[in-house]
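Inspection log for the structure reproduced underneath, given as structure tokens.
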Amino acid sequence: MDQGQGVRHLLPAGSRHRHRARPDRGSVGAVPGQRRHPPGGLYRRHGLRGGGVGGARVVDHDPASRRRDSHRHSRRSRPHRGRGHRRGGDRRDRDTGQSGGRMTIKVRFAPSPTGYLHVGGGRTALYNWLFARSQGGTVMLRGDDTDVARSTEAYAADIVNGLRWLGLDWDEGIDVGGPHGEYHQSRRLERYRQVAMDLVDAGRAYHGFETEEQLDTFRRQAQAEGLAPAYDGRHRLDSEEARRRLAAGEAAPIRFAVPRPGETRFDDAVKGDIGFGNTQIDDFVILRSDGSPTYHLASTVDDVDFGITHVIRGEDLLPSTPKHILLTEAMGATRAIYGHLSLLTGPDGSKLSKRHGHTALNAYRDDGYLPEAMANYLAILGWSPGEDEEIVPLADMVPRFSLDAVSRNPAVFDPTKLEWMNGVYLRQLHPAAFVARARPFVEATLDRELQPAEVDQIAAIAPFVQERAKRLDEVGPQVAFLLGDVTYDQVSWDKVMADPSVPVILARAMTALRTVEPWSASTVEAALRTMLEERGLSARKGLQPLRVAVTGSSISPPLFESMAVLGRESTLRRLTEAGKRLLDRWPTTDA
RNA sequence: GGCCCCGUCGUCCAGCGGCCCAGGACGCCGGCCUUUCAAGCCGGUAACGCGGGUUCGAAUCCCGUCGGGGCUACCA
């Protein structure tokens with residue numbers, strides 16, 4: 001077999017040590033012997049005690065991990081995660097799982113282009129990136145497009161764009177190329193087939209001729225008996241007969257022969273020690289009867305071939321991790337370190353999905369969220385930079401990131417907090433940058449491009465919009481009054497303009513404003529305040545009608561600045577127009 | 001059903017056996033500021049799921065229980 005070929009040279013010397021248990025370091029409370037072998041609980045937790053006929057036998061072909069197993073520890077014995085421990089020179093070792101030497105870590109984003117980039121996918125990518133960058137490792141972007149029917153170019157493009165938008169980059173991958181040449185799984189089909197065939201030759205996999213009924217019956221029965229509904233290969237044909245049926249032209253998928261009994265365990269980089277009894281793992285299909293690879297095969301082969309050292313992914317893949325480990329080791333390769341991130345959920349606690357609102361990252365971009373805010377929020381959702389800080393730009397996160405500081409709890413995606421954070425980032429923007437970022441949104445509101453003079457007008461009012469906006473898509477409506485005719489907001493008009501004092505206020509304001517010289521926010525303010533005083537009006541009462549008349553809404557940027565930017569002529573025209581509307585007793589909207 | 005993961009304010013995070021009648025942030029409530037809306041500032045509300053055990057001492061360790069979630073395909 002040649003499966004190992006693609007990997008061997010990618011694994012630096014010393015990498016065999018990486019599975020060693022991370023030492024219990026320095027914690028006052030650690031009671032080593034006891035903690036490492038929790039009384040009784042461990043096996044029960046993994047379901048290997050009850051009726052444990054064969055008992056738990058570790059089937060493990062990797063000497064390094066066998067050594068690891070000899071002082072396996074429960075997740076509770078994970079090294080302390082406190083701030084003090086996260087700093088300093090020992091962090092690298094703990095994160096990489098190695099206890100000596102240096103290993104170049106390599107991670108991958110492996111989205112499948114069967115949909116838009118999901119916020120959860122973005123977060124996973126972000127954590128991968130943060131981890132790699134904080135460790136001086138490399139990042140790869142792979143296209144897991146084995147599902148030909150559902151994969152599209154458009155989705156693939158959306159994923160690349162979304163990742164870039166978030167501020168991530170990668171050293172090799174589908175769009176940038178790299179030393180491995182081809183990063184699309186759909187173009188590596190031959191390789192997967194070869195691996196599958198080699199596995200068959202080695203007796204680690206077989207052509208499965210079981211019928212749907214057989215499988216169905218098996219699962220139903222297992223379930224009825226309270227056993228794992230994991231197909232155990234009982235209908236597997238001997239290779240002689242299988243060969244015969246194949247030769248007769250029958251198509252059959254290739255299944256991996258899971259060694260049973262046995263146990264597959266691993267030290268998850270975020271969850272700690274996890275084990276599965278092999279009876280829980282079915283003889284899963286690795287190559288479909290049409291010759292295409294399943295996710296398990298393609299993904300595992302690629303992780304091996306591309307030298308991925310750390311597989312950091314969503315917790316939904318945790319139950320299939322033993323399959324990947326078994327496959328990897330059957331290929332003669334060294335397994336990667338796996339780290340499973342808990343899922344993002346909706347307010348109801350179930351996996352984030354469309355019914356919870358937007359799940360596509362691009363929807364947030366279109367709603368006027370800043371990528372900086374999005375990245376920050378996503379990072380904070382499940383990880384804490386410490387120091388009670390939450391506003392931490394991506395670049396600052398890098399040196400502070402640590403995988404074992406990642407939370408094991410699922411996190412509710414809270415758009416409200418995202419919005420708050422977006423406002424914080426919006427306010428931090430340089431005014432010119434704010435205008436530049438807001439411009440497309442204003443153009444979208446107007447449905448046309450902005451003239452240079454209009455951009456200048458917006459720039460003049462922008463600081464006042466910036467300090468109150470939470471999203472970029474609020475800017476258009478806020479500044480629209482500057483760019484064309486006013487549109488009166490019905491609710492505002494009804495609420496403010498009905499008062500009998502309004503016509504007089506409008507008239508006096510016009511008189512006051514006609515002589516203002518020069519025309520500026522401060523002179524306008526002085527003139528209007530004088531007018532207010534003469535009429536004995538409060539600012540609250542006297543200014544609102546002017547606001548509605550000039551901006552069309554009772555919600556607007558500050559009035560004096562708005563008038564200043566609008567200009568005397570337009571301001572007076574709008575006050576006149578509003579007055580006319582009142583006289584006509586025609587207080588409707590369609591201006 | 002089986003397996004796995006998870007359980008601190010409504011939400012996110014901190015907490016690593018005494019510094020905790022639990023801290024920060026969002027939200028919410030109240031106040032200040034104020035030309036609207038915001039922003040800002042000040043204050044308040046609110047949590048260790050439950051039961052045992054270990055210990056002088058438990059949010060922290062152990063066991064159990066309950067609850068939530070994920071997976072359980074020739075999808076990924």
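The chains in the structure tokens are called A, B, ... from first to last as shown; in each chain the residues are counted from 1, and the ligands are counted from 1 in the order shown.
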
Neighbours of chain B in chain A at 6 Å, counting only C-alpha atoms (C1' of nucleotides), as number ranges by chain:
A: 80, 223, 226-228, 288, 316, 319, 384, 388, 409, 417, 467-468, 539-540, 543, 554-555

With only C-alpha atoms (C1' of nucleotides) as the counted atoms, please give the residues lying no more than 8 Å from U8 (chain B), apart from itself and same-chain residues fewer than 5 positions off, as a short mmCIF file (atom, residue, chain, number, x, y, z; two decimals) with N, CA, C and O atoms (P, O5', C5', C4', C3', O3' and C1' of nucleotides), in the first residue's frame.
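Saved result, part.cif, follows:
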```cif
data_model
loop_
_atom_site.label_atom_id
_atom_site.label_comp_id
_atom_site.auth_asym_id
_atom_site.auth_seq_id
_atom_site.Cartn_x
_atom_site.Cartn_y
_atom_site.Cartn_z
P A B 47 -30.76 35.56 41.06
"O5'" A B 47 -29.91 34.55 40.18
"C5'" A B 47 -30.58 33.58 39.35
"C4'" A B 47 -29.54 32.70 38.73
"C3'" A B 47 -28.69 31.93 39.72
"O3'" A B 47 -29.35 30.72 40.09
"C1'" A B 47 -27.30 32.96 38.12
P C B 48 -29.15 30.11 41.51
"O5'" C B 48 -27.60 29.71 41.50
"C5'" C B 48 -27.23 28.35 41.40
"C4'" C B 48 -26.24 28.21 40.26
"C3'" C B 48 -25.59 26.85 40.16
"O3'" C B 48 -25.41 26.56 38.78
"C1'" C B 48 -23.94 28.49 40.57
P A B 59 -20.26 26.77 47.04
"O5'" A B 59 -20.49 27.04 45.49
"C5'" A B 59 -21.54 26.42 44.79
"C4'" A B 59 -21.17 26.24 43.35
"C3'" A B 59 -19.97 25.34 43.13
"O3'" A B 59 -20.39 24.00 43.02
"C1'" A B 59 -19.68 27.37 41.95
#
```

Mind checking which residues fall within 12 Å of Ala110 (chain A), counting only C-alpha atoms (C1' of nucleotides), ignoring those fewer than 2 positions away in the same chain, and posting them as a ChimeraX atom specification?
/A:107-108,112-114,117,121-122,124-125,128,139-146,156,159-160,163,170,173-174,183-185,295,298-300,302-303,308,311-314 /B:76

Long-range neighbours of G18 (chain B) as a list in words, 12 Å cut-off, only C-alpha atoms (C1' of nucleotides), 5 positions minimum in chain
U55, C56, G57, A58 and U60 of chain B

Just C-alpha atoms (C1' of nucleotides) for this one: save the residues we selected as a PDB file, in the first residue's frame.
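Dumped to out-v6.pdb:
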```pdb
ATOM      1  C1'   U B  55     -13.317  18.493  52.932  1.00  0.00           C
ATOM      2  C1'   C B  56     -12.365  22.583  58.588  1.00  0.00           C
ATOM      3  C1'   G B  57     -14.289  24.899  53.964  1.00  0.00           C
ATOM      4  C1'   A B  58     -17.371  23.337  47.406  1.00  0.00           C
ATOM      5  C1'   U B  60     -14.974  24.821  41.902  1.00  0.00           C
TER       6        U B  60
END
```

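Taking CA of Ser353 (chain A) as the reference point, CA of Pro410 (chain A) is found at 14.2 Å.
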
Run DSSP on the backbone and give me the residues of region 262-440 of chain A it puts in strand (DSSP E or B), as a PyMOL selection string.
chain A and resi 263-268+272-277+285-287+293+310-314+337-341+344-345+351+360+383+406+411-412

Expected file: the selected residues, N, CA, C and O atoms, as a compact mmCIF listing (two decimals), in the first residue's frame:
```txt
# COMPACT_ATOMS: atom_id res chain seq x y z
N GLU A 263 -11.95 0.00 21.38
CA GLU A 263 -12.36 1.32 21.81
C GLU A 263 -11.49 2.32 21.10
O GLU A 263 -10.31 2.06 20.87
N THR A 264 -12.08 3.42 20.72
CA THR A 264 -11.30 4.46 20.09
C THR A 264 -11.43 5.71 20.94
O THR A 264 -12.53 6.19 21.17
N ARG A 265 -10.31 6.15 21.41
CA ARG A 265 -10.39 7.37 22.21
C ARG A 265 -9.36 8.38 21.78
O ARG A 265 -8.37 8.07 21.14
N PHE A 266 -9.63 9.58 22.15
CA PHE A 266 -8.70 10.65 21.77
C PHE A 266 -8.82 11.78 22.77
O PHE A 266 -9.78 11.89 23.52
N ASP A 267 -7.80 12.59 22.75
CA ASP A 267 -7.75 13.71 23.67
C ASP A 267 -8.15 14.96 22.90
O ASP A 267 -7.34 15.56 22.22
N ASP A 268 -9.40 15.29 22.99
CA ASP A 268 -9.90 16.42 22.24
C ASP A 268 -9.29 17.72 22.76
O ASP A 268 -9.24 17.95 23.96
N GLY A 272 -11.34 17.59 25.90
CA GLY A 272 -10.63 16.67 26.78
C GLY A 272 -10.77 15.23 26.30
O GLY A 272 -11.11 14.98 25.14
N ASP A 273 -10.54 14.31 27.18
CA ASP A 273 -10.53 12.89 26.82
C ASP A 273 -11.92 12.38 26.46
O ASP A 273 -12.86 12.57 27.21
N ILE A 274 -12.00 11.74 25.30
CA ILE A 274 -13.29 11.22 24.84
C ILE A 274 -13.07 9.82 24.26
O ILE A 274 -12.10 9.58 23.55
N GLY A 275 -13.99 8.93 24.58
CA GLY A 275 -13.84 7.59 24.05
C GLY A 275 -15.14 7.02 23.52
O GLY A 275 -16.22 7.36 24.00
N PHE A 276 -15.02 6.19 22.51
CA PHE A 276 -16.19 5.52 21.95
C PHE A 276 -15.90 4.03 21.88
O PHE A 276 -14.83 3.62 21.43
N GLY A 277 -16.86 3.26 22.30
CA GLY A 277 -16.72 1.83 22.11
C GLY A 277 -16.91 1.56 20.62
O GLY A 277 -17.79 2.17 19.99
N VAL A 285 -19.74 3.48 5.10
CA VAL A 285 -19.38 3.49 3.69
C VAL A 285 -18.29 4.53 3.46
O VAL A 285 -18.39 5.65 3.94
N ILE A 286 -17.25 4.14 2.78
CA ILE A 286 -16.22 5.12 2.44
C ILE A 286 -16.25 5.45 0.94
O ILE A 286 -15.90 6.55 0.55
N LEU A 287 -16.69 4.48 0.15
CA LEU A 287 -16.80 4.73 -1.28
C LEU A 287 -18.17 4.25 -1.74
O LEU A 287 -18.53 3.09 -1.53
N PRO A 293 -16.42 9.15 -3.30
CA PRO A 293 -16.06 9.02 -1.88
C PRO A 293 -17.10 9.68 -0.99
O PRO A 293 -17.76 10.63 -1.40
N HIS A 310 -3.97 19.66 13.04
CA HIS A 310 -5.06 19.91 13.97
C HIS A 310 -6.36 20.09 13.21
O HIS A 310 -6.46 20.96 12.35
N VAL A 311 -7.29 19.24 13.54
CA VAL A 311 -8.60 19.34 12.90
C VAL A 311 -9.54 20.00 13.90
O VAL A 311 -9.94 19.40 14.89
N ILE A 312 -9.84 21.26 13.63
CA ILE A 312 -10.70 21.99 14.54
C ILE A 312 -12.01 22.25 13.82
O ILE A 312 -12.04 22.86 12.76
N ARG A 313 -13.09 21.73 14.35
CA ARG A 313 -14.36 21.76 13.64
C ARG A 313 -15.51 21.75 14.61
O ARG A 313 -15.32 21.72 15.82
N GLY A 314 -16.69 21.76 14.06
CA GLY A 314 -17.88 21.81 14.89
C GLY A 314 -18.13 20.51 15.63
O GLY A 314 -17.76 19.43 15.19
N ILE A 337 -4.59 15.93 15.75
CA ILE A 337 -5.23 16.27 17.02
C ILE A 337 -6.58 16.87 16.65
O ILE A 337 -6.66 17.72 15.75
N TYR A 338 -7.60 16.40 17.30
CA TYR A 338 -8.93 16.90 16.99
C TYR A 338 -9.40 17.86 18.08
O TYR A 338 -9.12 17.63 19.26
N GLY A 339 -10.09 18.87 17.66
CA GLY A 339 -10.66 19.81 18.63
C GLY A 339 -12.06 20.14 18.17
O GLY A 339 -12.26 20.55 17.03
N HIS A 340 -13.03 19.93 19.04
CA HIS A 340 -14.41 20.16 18.64
C HIS A 340 -15.03 21.35 19.35
O HIS A 340 -15.09 21.40 20.58
N LEU A 341 -15.47 22.28 18.54
CA LEU A 341 -16.07 23.51 19.02
C LEU A 341 -17.56 23.28 19.26
O LEU A 341 -18.25 22.71 18.42
N LEU A 344 -23.15 26.77 17.74
CA LEU A 344 -23.91 28.00 17.92
C LEU A 344 -25.38 27.61 17.88
O LEU A 344 -25.80 26.81 17.05
N THR A 345 -26.14 28.18 18.79
CA THR A 345 -27.56 27.83 18.80
C THR A 345 -28.41 29.09 18.66
O THR A 345 -27.91 30.21 18.80
N LYS A 351 -29.42 23.95 17.45
CA LYS A 351 -28.44 24.33 16.45
C LYS A 351 -28.95 25.49 15.58
O LYS A 351 -30.07 25.44 15.06
N ALA A 360 -26.71 33.22 7.20
CA ALA A 360 -25.66 33.46 6.21
C ALA A 360 -24.86 34.69 6.60
O ALA A 360 -25.42 35.74 6.90
N TRP A 383 -15.20 32.13 23.58
CA TRP A 383 -13.80 32.28 23.98
C TRP A 383 -13.68 33.61 24.69
O TRP A 383 -14.38 34.57 24.35
N VAL A 406 -11.00 27.88 25.10
CA VAL A 406 -12.26 27.90 24.38
C VAL A 406 -13.33 27.19 25.21
O VAL A 406 -13.08 26.12 25.76
N ALA A 411 -23.18 28.06 22.55
CA ALA A 411 -23.44 29.48 22.76
C ALA A 411 -24.62 29.94 21.92
O ALA A 411 -24.75 29.58 20.75
N VAL A 412 -25.46 30.71 22.54
CA VAL A 412 -26.59 31.28 21.82
C VAL A 412 -26.11 32.48 21.02
O VAL A 412 -25.46 33.37 21.57
```

Can you pull out every residue within 7 Å of region 401-405 of chain A, counting only C-alpha atoms (C1' of nucleotides), but drop anything in the same chain fewer than 4 positions away, and send it as a ChimeraX atom specification?
/A:81,95,130-131,134,269-270,383,385,397

Write out as an MDAnalysis selection string which residues come within 9 Å of region 473-490 of chain A when counting only C-alpha atoms (C1' of nucleotides), dropping same-chain ones fewer than 6 positions away.
chainID A and resid 366:369 438:439 441:446 450 454 457:458 461:462 465:466 548:557 562 565:566 574 587:591

For the residues selected in the previous step, produce a file with N, CA, C and O atoms as a compact mmCIF listing (two decimals), in the first residue's frame.
```
# COMPACT_ATOMS: atom_id res chain seq x y z
N ASP A 366 -24.69 42.56 4.40
CA ASP A 366 -25.67 43.38 3.70
C ASP A 366 -26.51 44.22 4.65
O ASP A 366 -27.08 45.23 4.25
N ASP A 367 -26.60 43.81 5.88
CA ASP A 367 -27.37 44.58 6.84
C ASP A 367 -26.54 45.70 7.48
O ASP A 367 -27.02 46.38 8.38
N GLY A 368 -25.30 45.78 7.05
CA GLY A 368 -24.50 46.88 7.57
C GLY A 368 -23.68 46.57 8.80
O GLY A 368 -23.41 47.45 9.60
N TYR A 369 -23.31 45.32 8.94
CA TYR A 369 -22.41 44.98 10.02
C TYR A 369 -20.99 45.06 9.50
O TYR A 369 -20.71 44.71 8.36
N ALA A 438 -20.09 53.70 4.56
CA ALA A 438 -21.54 53.93 4.52
C ALA A 438 -22.04 54.21 3.11
O ALA A 438 -23.20 53.94 2.79
N ARG A 439 -21.15 54.72 2.29
CA ARG A 439 -21.56 55.14 0.95
C ARG A 439 -22.39 54.13 0.17
O ARG A 439 -23.46 54.46 -0.33
N PHE A 441 -24.24 51.88 1.20
CA PHE A 441 -25.55 51.70 1.82
C PHE A 441 -26.47 52.87 1.50
O PHE A 441 -27.66 52.71 1.30
N VAL A 442 -25.88 54.07 1.45
CA VAL A 442 -26.67 55.23 1.09
C VAL A 442 -27.11 55.09 -0.36
O VAL A 442 -28.28 55.34 -0.70
N GLU A 443 -26.21 54.64 -1.19
CA GLU A 443 -26.55 54.46 -2.60
C GLU A 443 -27.65 53.41 -2.77
O GLU A 443 -28.51 53.54 -3.63
N ALA A 444 -27.60 52.42 -1.91
CA ALA A 444 -28.65 51.40 -1.97
C ALA A 444 -30.00 51.98 -1.57
O ALA A 444 -31.03 51.68 -2.17
N THR A 445 -29.97 52.85 -0.59
CA THR A 445 -31.22 53.48 -0.15
C THR A 445 -31.81 54.33 -1.27
O THR A 445 -33.01 54.31 -1.53
N LEU A 446 -30.92 55.08 -1.93
CA LEU A 446 -31.38 55.96 -2.99
C LEU A 446 -31.58 55.23 -4.31
O LEU A 446 -32.19 55.75 -5.23
N LEU A 450 -24.00 58.20 -5.95
CA LEU A 450 -23.89 59.53 -5.35
C LEU A 450 -22.97 60.43 -6.18
O LEU A 450 -21.96 59.98 -6.71
N GLU A 454 -22.65 65.38 -3.34
CA GLU A 454 -23.50 64.72 -2.35
C GLU A 454 -22.65 63.99 -1.31
O GLU A 454 -22.99 63.94 -0.14
N GLN A 457 -21.65 66.40 1.16
CA GLN A 457 -22.73 66.71 2.09
C GLN A 457 -22.85 65.65 3.16
O GLN A 457 -23.02 65.92 4.34
N ILE A 458 -22.77 64.41 2.70
CA ILE A 458 -22.87 63.31 3.64
C ILE A 458 -21.71 63.33 4.62
O ILE A 458 -21.87 63.13 5.82
N ILE A 461 -22.38 65.70 7.44
CA ILE A 461 -23.33 65.30 8.47
C ILE A 461 -22.93 63.97 9.13
O ILE A 461 -23.41 63.63 10.21
N ALA A 462 -22.05 63.25 8.46
CA ALA A 462 -21.71 61.90 8.90
C ALA A 462 -21.31 61.75 10.37
O ALA A 462 -21.77 60.82 11.03
N VAL A 465 -24.21 61.24 12.45
CA VAL A 465 -24.91 59.97 12.21
C VAL A 465 -24.09 58.84 12.83
O VAL A 465 -24.61 57.93 13.44
N GLN A 466 -22.81 58.96 12.65
CA GLN A 466 -21.89 57.94 13.12
C GLN A 466 -22.04 57.69 14.62
O GLN A 466 -21.97 56.56 15.08
N VAL A 548 -39.19 67.93 11.77
CA VAL A 548 -40.04 67.15 10.86
C VAL A 548 -40.15 67.86 9.51
O VAL A 548 -40.08 67.24 8.46
N ALA A 549 -40.28 69.18 9.56
CA ALA A 549 -40.41 69.93 8.31
C ALA A 549 -39.16 69.79 7.45
O ALA A 549 -39.24 69.63 6.23
N VAL A 550 -38.02 69.83 8.09
CA VAL A 550 -36.76 69.83 7.34
C VAL A 550 -36.27 68.44 6.97
O VAL A 550 -35.80 68.20 5.86
N THR A 551 -36.36 67.50 7.92
CA THR A 551 -35.80 66.17 7.65
C THR A 551 -36.88 65.13 7.32
O THR A 551 -36.57 64.05 6.85
N GLY A 552 -38.12 65.48 7.61
CA GLY A 552 -39.19 64.55 7.28
C GLY A 552 -39.51 63.58 8.40
O GLY A 552 -40.45 62.81 8.31
N SER A 553 -38.71 63.65 9.45
CA SER A 553 -38.93 62.67 10.50
C SER A 553 -38.62 63.26 11.87
O SER A 553 -37.84 64.21 11.99
N SER A 554 -39.24 62.71 12.88
CA SER A 554 -38.95 63.18 14.23
C SER A 554 -37.65 62.56 14.74
O SER A 554 -37.18 62.86 15.82
N ILE A 555 -37.12 61.65 13.96
CA ILE A 555 -35.82 61.06 14.29
C ILE A 555 -34.83 61.49 13.22
O ILE A 555 -35.02 61.17 12.04
N SER A 556 -33.82 62.21 13.62
CA SER A 556 -32.89 62.72 12.61
C SER A 556 -31.58 63.09 13.27
O SER A 556 -31.46 63.08 14.49
N PRO A 557 -30.60 63.42 12.46
CA PRO A 557 -29.38 63.97 13.03
C PRO A 557 -29.74 65.30 13.71
O PRO A 557 -30.83 65.83 13.49
N SER A 562 -28.09 69.72 10.70
CA SER A 562 -28.81 69.28 9.51
C SER A 562 -29.16 70.48 8.62
O SER A 562 -28.99 70.45 7.41
N VAL A 565 -26.02 71.89 6.91
CA VAL A 565 -25.55 71.13 5.76
C VAL A 565 -26.54 71.23 4.59
O VAL A 565 -26.14 71.31 3.42
N LEU A 566 -27.80 71.29 4.93
CA LEU A 566 -28.82 71.38 3.88
C LEU A 566 -28.71 72.69 3.11
O LEU A 566 -28.94 72.76 1.90
N ARG A 574 -38.26 74.05 2.60
CA ARG A 574 -38.97 72.97 3.29
C ARG A 574 -39.89 73.49 4.38
O ARG A 574 -40.96 72.94 4.62
N PRO A 587 -52.47 66.72 5.67
CA PRO A 587 -51.26 66.20 6.31
C PRO A 587 -50.94 64.75 5.95
O PRO A 587 -50.75 63.92 6.80
N THR A 588 -50.94 64.48 4.70
CA THR A 588 -50.58 63.11 4.33
C THR A 588 -49.14 63.03 3.89
O THR A 588 -48.47 64.05 3.74
N THR A 589 -48.72 61.86 3.64
CA THR A 589 -47.29 61.67 3.42
C THR A 589 -46.74 61.83 2.02
O THR A 589 -45.71 62.43 1.84
N ASP A 590 -47.39 61.26 1.07
CA ASP A 590 -46.72 61.08 -0.21
C ASP A 590 -46.14 62.35 -0.82
O ASP A 590 -46.64 62.87 -1.78
N ALA A 591 -45.09 62.82 -0.24
CA ALA A 591 -44.51 64.07 -0.70
C ALA A 591 -43.85 63.93 -2.06
O ALA A 591 -43.04 63.09 -2.25
```

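Taking CA of Tyr425 (chain A) and CA of Ala373 (chain A) as endpoints, the distance between them is 6.1 Å.
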